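This report refers to the structure that appears directly beneath it.
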Amino acid sequence: MALPRFYIVGLGNLPYPGTRHRHTNGHCSIGQYVLDALVDHYGLFYLPSKGGHLAETETTVGNIPCHLTFFKSSQLMNVSGPSIVNNYAVQRPQNMIVLVDSIRHAQAKLSAVVGGGPQGHNGTKSIIASMGRRGTDFWRFRLGVGNSGGGVADYVLDRMSSYEKGFWKNEGLDLVLKKLEEVVKKEVKAGK
């Protein structure tokens, strides 16, 4: 019997250095930063893939054996949907988890929801458009970056603070791993 498959994507702007949305000195946007922390946690490394970088493992999440695929697009976040969907290899949309920054959530908070609209996030909007008839019922792990109250574009294009980096490599990663375990259990049960 085939193992249940889960596809975990980190949104970001890998081609450009310097910000919460961009790769800087080996550190990615918050979505890709947390994805890198997950890849490190499982002792993996990325290989080139169609339009990005991919890492895979067969492991146990909670007490459930499963196949995990981690992907980060090399495309700009706002047009990353096609490369994300081209690497998509799960049976159900609910087995895809997208790590995405959220200005609607306080800094260092995690909110996990399945389905719904993009809530103004262009990266999520690009994935939804690319999914087509396969649905929009994928998981969004919204990683809180807060909002300075000023211009949103300036804020999200600012550099991640050392606090944010430390949090998402440690306590925040623990939160993501716990939520991943909850989602895997729920979706494996629902997929039977």
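By convention in this document, the chains of the structure tokens carry letters A, B, ... by their order, each chain's residues are numbered from 1, and ligands are numbered from 1 in the order they are shown.
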| task | Tell me which protein, DNA and RNA residues are within 7 Å of Gly123 of chain A, counting only C-alpha atoms, leaving out same-chain ones fewer than 2 positions away, and put them as number ranges by chain. | result | A: 11, 77-80, 121, 125-127
Take the residues just selected and output them with all heavy atoms as a PDB file, in the first residue's frame.
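Contents of out.pdb, freshly written:
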```
ATOM      1  N   LEU A  11       6.184  29.860   0.417  1.00  0.00           N
ATOM      2  CA  LEU A  11       6.104  30.984  -0.514  1.00  0.00           C
ATOM      3  C   LEU A  11       7.182  32.020  -0.220  1.00  0.00           C
ATOM      4  O   LEU A  11       7.526  32.270   0.929  1.00  0.00           O
ATOM      5  CB  LEU A  11       4.727  31.652  -0.436  1.00  0.00           C
ATOM      6  CG  LEU A  11       3.565  30.854  -0.990  1.00  0.00           C
ATOM      7  CD1 LEU A  11       2.291  31.683  -0.934  1.00  0.00           C
ATOM      8  CD2 LEU A  11       3.830  30.396  -2.411  1.00  0.00           C
ATOM      9  N   MET A  77       7.040  35.237  -6.017  1.00  0.00           N
ATOM     10  CA  MET A  77       5.896  34.742  -5.269  1.00  0.00           C
ATOM     11  C   MET A  77       4.572  34.955  -6.001  1.00  0.00           C
ATOM     12  O   MET A  77       3.728  34.056  -6.051  1.00  0.00           O
ATOM     13  CB  MET A  77       5.825  35.435  -3.900  1.00  0.00           C
ATOM     14  CG  MET A  77       4.718  34.919  -3.021  1.00  0.00           C
ATOM     15  SD  MET A  77       4.499  35.801  -1.463  1.00  0.00           S
ATOM     16  CE  MET A  77       6.122  35.956  -0.827  1.00  0.00           C
ATOM     17  N   ASN A  78       4.388  36.132  -6.567  1.00  0.00           N
ATOM     18  CA  ASN A  78       3.102  36.468  -7.190  1.00  0.00           C
ATOM     19  C   ASN A  78       2.791  35.658  -8.439  1.00  0.00           C
ATOM     20  O   ASN A  78       1.654  35.658  -8.898  1.00  0.00           O
ATOM     21  CB  ASN A  78       3.044  37.962  -7.522  1.00  0.00           C
ATOM     22  CG  ASN A  78       3.044  38.816  -6.279  1.00  0.00           C
ATOM     23  OD1 ASN A  78       2.981  38.313  -5.154  1.00  0.00           O
ATOM     24  ND2 ASN A  78       3.104  40.110  -6.461  1.00  0.00           N
ATOM     25  N   VAL A  79       3.794  34.982  -8.996  1.00  0.00           N
ATOM     26  CA  VAL A  79       3.583  34.139 -10.186  1.00  0.00           C
ATOM     27  C   VAL A  79       4.122  32.719  -9.961  1.00  0.00           C
ATOM     28  O   VAL A  79       4.425  32.010 -10.905  1.00  0.00           O
ATOM     29  CB  VAL A  79       4.214  34.770 -11.452  1.00  0.00           C
ATOM     30  CG1 VAL A  79       3.521  36.069 -11.812  1.00  0.00           C
ATOM     31  CG2 VAL A  79       5.717  34.982 -11.272  1.00  0.00           C
ATOM     32  N   SER A  80       4.215  32.308  -8.705  1.00  0.00           N
ATOM     33  CA  SER A  80       4.807  31.008  -8.379  1.00  0.00           C
ATOM     34  C   SER A  80       3.831  29.842  -8.532  1.00  0.00           C
ATOM     35  O   SER A  80       4.242  28.687  -8.537  1.00  0.00           O
ATOM     36  CB  SER A  80       5.359  31.025  -6.952  1.00  0.00           C
ATOM     37  OG  SER A  80       4.319  31.268  -6.016  1.00  0.00           O
ATOM     38  N   HIS A 121      -3.523  37.829  -0.574  1.00  0.00           N
ATOM     39  CA  HIS A 121      -2.135  37.386  -0.767  1.00  0.00           C
ATOM     40  C   HIS A 121      -1.952  36.919  -2.209  1.00  0.00           C
ATOM     41  O   HIS A 121      -2.572  35.943  -2.642  1.00  0.00           O
ATOM     42  CB  HIS A 121      -1.792  36.264   0.214  1.00  0.00           C
ATOM     43  CG  HIS A 121      -0.327  36.031   0.322  1.00  0.00           C
ATOM     44  ND1 HIS A 121       0.380  35.373  -0.658  1.00  0.00           N
ATOM     45  CD2 HIS A 121       0.564  36.398   1.268  1.00  0.00           C
ATOM     46  CE1 HIS A 121       1.656  35.330  -0.299  1.00  0.00           C
ATOM     47  NE2 HIS A 121       1.788  35.946   0.864  1.00  0.00           N
ATOM     48  N   LYS A 125      -3.082  33.550  -4.304  1.00  0.00           N
ATOM     49  CA  LYS A 125      -3.953  33.763  -5.466  1.00  0.00           C
ATOM     50  C   LYS A 125      -3.389  33.049  -6.699  1.00  0.00           C
ATOM     51  O   LYS A 125      -4.129  32.435  -7.474  1.00  0.00           O
ATOM     52  CB  LYS A 125      -4.078  35.266  -5.746  1.00  0.00           C
ATOM     53  CG  LYS A 125      -5.107  35.616  -6.802  1.00  0.00           C
ATOM     54  CD  LYS A 125      -5.139  37.117  -7.072  1.00  0.00           C
ATOM     55  CE  LYS A 125      -5.545  37.896  -5.857  1.00  0.00           C
ATOM     56  NZ  LYS A 125      -5.620  39.353  -6.093  1.00  0.00           N
ATOM     57  N   SER A 126      -2.071  33.090  -6.889  1.00  0.00           N
ATOM     58  CA  SER A 126      -1.433  32.432  -8.020  1.00  0.00           C
ATOM     59  C   SER A 126      -1.592  30.909  -7.941  1.00  0.00           C
ATOM     60  O   SER A 126      -1.829  30.246  -8.958  1.00  0.00           O
ATOM     61  CB  SER A 126       0.051  32.817  -8.089  1.00  0.00           C
ATOM     62  OG  SER A 126       0.699  32.176  -9.154  1.00  0.00           O
ATOM     63  N   ILE A 127      -1.495  30.353  -6.731  1.00  0.00           N
ATOM     64  CA  ILE A 127      -1.676  28.906  -6.569  1.00  0.00           C
ATOM     65  C   ILE A 127      -3.118  28.526  -6.889  1.00  0.00           C
ATOM     66  O   ILE A 127      -3.373  27.563  -7.620  1.00  0.00           O
ATOM     67  CB  ILE A 127      -1.307  28.458  -5.138  1.00  0.00           C
ATOM     68  CG1 ILE A 127       0.188  28.675  -4.890  1.00  0.00           C
ATOM     69  CG2 ILE A 127      -1.677  26.988  -4.923  1.00  0.00           C
ATOM     70  CD1 ILE A 127       0.601  28.483  -3.442  1.00  0.00           C
TER      71      ILE A 127
END
```
- Query: If we count only C-alpha atoms, what is near segment 143-147 of chain A at a cut-off of 7 Å, once residues fewer than 3 positions away on the same chain are taken out, given as a PyMOL selection string?
  - Reply: chain A and resi 99-111+155
Export of the given selection (C-alpha atoms) as a PDB file, in the first residue's frame:
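As written to disk, part_31.pdb reads:
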```
ATOM      1  CA  LEU A  99       3.565  28.216   4.311  1.00  0.00           C
ATOM      2  CA  VAL A 100       2.621  31.842   3.747  1.00  0.00           C
ATOM      3  CA  ASP A 101       3.337  35.145   5.487  1.00  0.00           C
ATOM      4  CA  SER A 102       0.338  36.908   7.021  1.00  0.00           C
ATOM      5  CA  ILE A 103       0.118  40.573   7.974  1.00  0.00           C
ATOM      6  CA  ARG A 104      -3.303  39.794   9.496  1.00  0.00           C
ATOM      7  CA  HIS A 105      -1.656  37.772  12.255  1.00  0.00           C
ATOM      8  CA  ALA A 106       0.607  39.091  14.989  1.00  0.00           C
ATOM      9  CA  GLN A 107       4.304  38.524  14.592  1.00  0.00           C
ATOM     10  CA  ALA A 108       5.377  34.999  15.586  1.00  0.00           C
ATOM     11  CA  LYS A 109       1.841  33.543  15.502  1.00  0.00           C
ATOM     12  CA  LEU A 110       0.675  30.551  13.465  1.00  0.00           C
ATOM     13  CA  SER A 111      -2.819  30.083  12.099  1.00  0.00           C
ATOM     14  CA  TYR A 155       6.763  46.468   5.637  1.00  0.00           C
TER      15      TYR A 155
END
```
Note to self: Among chain A, which residues does DSSP mark as alpha helix (DSSP H) when it is run on the backbone? Keep the chain and numbering as in the structure and answer as a PyMOL selection string.
What the structure shows: chain A and resi 30-41+81-86+122-131+152-156+162-169+171-191
File of the preceding selection, C-alpha atoms, as a PDB file, in the first residue's frame:
```pdb
ATOM      1  CA  ILE A  30       9.252  33.739   6.094  1.00  0.00           C
ATOM      2  CA  GLY A  31       7.486  30.950   4.150  1.00  0.00           C
ATOM      3  CA  GLN A  32      10.689  29.695   2.561  1.00  0.00           C
ATOM      4  CA  TYR A  33      12.626  30.299   5.783  1.00  0.00           C
ATOM      5  CA  VAL A  34      10.290  27.971   7.706  1.00  0.00           C
ATOM      6  CA  LEU A  35      10.381  25.478   4.825  1.00  0.00           C
ATOM      7  CA  ASP A  36      14.191  25.447   5.062  1.00  0.00           C
ATOM      8  CA  ALA A  37      13.903  24.839   8.820  1.00  0.00           C
ATOM      9  CA  LEU A  38      11.621  21.852   8.129  1.00  0.00           C
ATOM     10  CA  VAL A  39      14.030  20.474   5.517  1.00  0.00           C
ATOM     11  CA  ASP A  40      16.876  20.827   8.054  1.00  0.00           C
ATOM     12  CA  HIS A  41      14.737  19.190  10.764  1.00  0.00           C
ATOM     13  CA  GLY A  81       1.539  29.059  -8.774  1.00  0.00           C
ATOM     14  CA  PRO A  82       2.434  27.283 -12.041  1.00  0.00           C
ATOM     15  CA  SER A  83       5.780  25.984 -10.730  1.00  0.00           C
ATOM     16  CA  ILE A  84       4.137  24.885  -7.466  1.00  0.00           C
ATOM     17  CA  VAL A  85       1.336  23.047  -9.248  1.00  0.00           C
ATOM     18  CA  ASN A  86       3.771  21.463 -11.772  1.00  0.00           C
ATOM     19  CA  ASN A 122      -0.938  37.300  -4.376  1.00  0.00           C
ATOM     20  CA  GLY A 123       1.141  34.143  -3.934  1.00  0.00           C
ATOM     21  CA  THR A 124      -1.890  32.242  -2.660  1.00  0.00           C
ATOM     22  CA  LYS A 125      -3.953  33.763  -5.466  1.00  0.00           C
ATOM     23  CA  SER A 126      -1.433  32.432  -8.020  1.00  0.00           C
ATOM     24  CA  ILE A 127      -1.676  28.906  -6.569  1.00  0.00           C
ATOM     25  CA  ILE A 128      -5.487  28.989  -6.592  1.00  0.00           C
ATOM     26  CA  ALA A 129      -5.511  30.127 -10.234  1.00  0.00           C
ATOM     27  CA  SER A 130      -3.050  27.370 -11.166  1.00  0.00           C
ATOM     28  CA  MET A 131      -4.924  24.618  -9.318  1.00  0.00           C
ATOM     29  CA  VAL A 152       2.150  47.127   3.642  1.00  0.00           C
ATOM     30  CA  ALA A 153       4.551  46.804   0.693  1.00  0.00           C
ATOM     31  CA  ASP A 154       7.347  48.595   2.550  1.00  0.00           C
ATOM     32  CA  TYR A 155       6.763  46.468   5.637  1.00  0.00           C
ATOM     33  CA  VAL A 156       6.756  43.053   3.951  1.00  0.00           C
ATOM     34  CA  SER A 162      16.655  38.618  14.400  1.00  0.00           C
ATOM     35  CA  TYR A 163      13.725  37.836  16.724  1.00  0.00           C
ATOM     36  CA  GLU A 164      11.637  36.506  13.799  1.00  0.00           C
ATOM     37  CA  LYS A 165      14.530  34.406  12.506  1.00  0.00           C
ATOM     38  CA  GLY A 166      15.214  32.921  15.941  1.00  0.00           C
ATOM     39  CA  PHE A 167      11.544  32.279  16.644  1.00  0.00           C
ATOM     40  CA  TRP A 168      10.829  30.434  13.380  1.00  0.00           C
ATOM     41  CA  LYS A 169      13.974  28.290  13.723  1.00  0.00           C
ATOM     42  CA  GLU A 171       9.632  27.730  19.008  1.00  0.00           C
ATOM     43  CA  GLY A 172       7.887  28.584  15.742  1.00  0.00           C
ATOM     44  CA  LEU A 173       9.264  25.466  14.075  1.00  0.00           C
ATOM     45  CA  ASP A 174       7.903  23.430  16.993  1.00  0.00           C
ATOM     46  CA  LEU A 175       4.462  25.011  16.412  1.00  0.00           C
ATOM     47  CA  VAL A 176       4.629  24.185  12.689  1.00  0.00           C
ATOM     48  CA  LEU A 177       5.689  20.579  13.392  1.00  0.00           C
ATOM     49  CA  LYS A 178       2.834  20.145  15.874  1.00  0.00           C
ATOM     50  CA  LYS A 179       0.318  21.579  13.388  1.00  0.00           C
ATOM     51  CA  LEU A 180       1.785  19.382  10.614  1.00  0.00           C
ATOM     52  CA  GLU A 181       1.173  16.327  12.795  1.00  0.00           C
ATOM     53  CA  GLU A 182      -2.455  17.413  13.402  1.00  0.00           C
ATOM     54  CA  VAL A 183      -3.050  17.955   9.677  1.00  0.00           C
ATOM     55  CA  VAL A 184      -1.468  14.633   8.668  1.00  0.00           C
ATOM     56  CA  LYS A 185      -3.624  12.738  11.187  1.00  0.00           C
ATOM     57  CA  LYS A 186      -6.790  14.545  10.123  1.00  0.00           C
ATOM     58  CA  GLU A 187      -6.220  14.197   6.378  1.00  0.00           C
ATOM     59  CA  VAL A 188      -5.115  10.553   6.498  1.00  0.00           C
ATOM     60  CA  LYS A 189      -8.295   9.745   8.429  1.00  0.00           C
ATOM     61  CA  ALA A 190     -10.431  11.807   5.992  1.00  0.00           C
ATOM     62  CA  GLY A 191      -8.752  10.245   2.927  1.00  0.00           C
TER      63      GLY A 191
END
```
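Counting from atom CA of Gly117 of chain A, the distance to atom CA of Asp137 of chain A is 9.4 Å.
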Tell me, as number ranges by chain, which residues lie within 6 Å of Gly52 of chain A, counting only C-alpha atoms; anything in the same chain fewer than 3 positions away does not count.
A: 49, 72-74
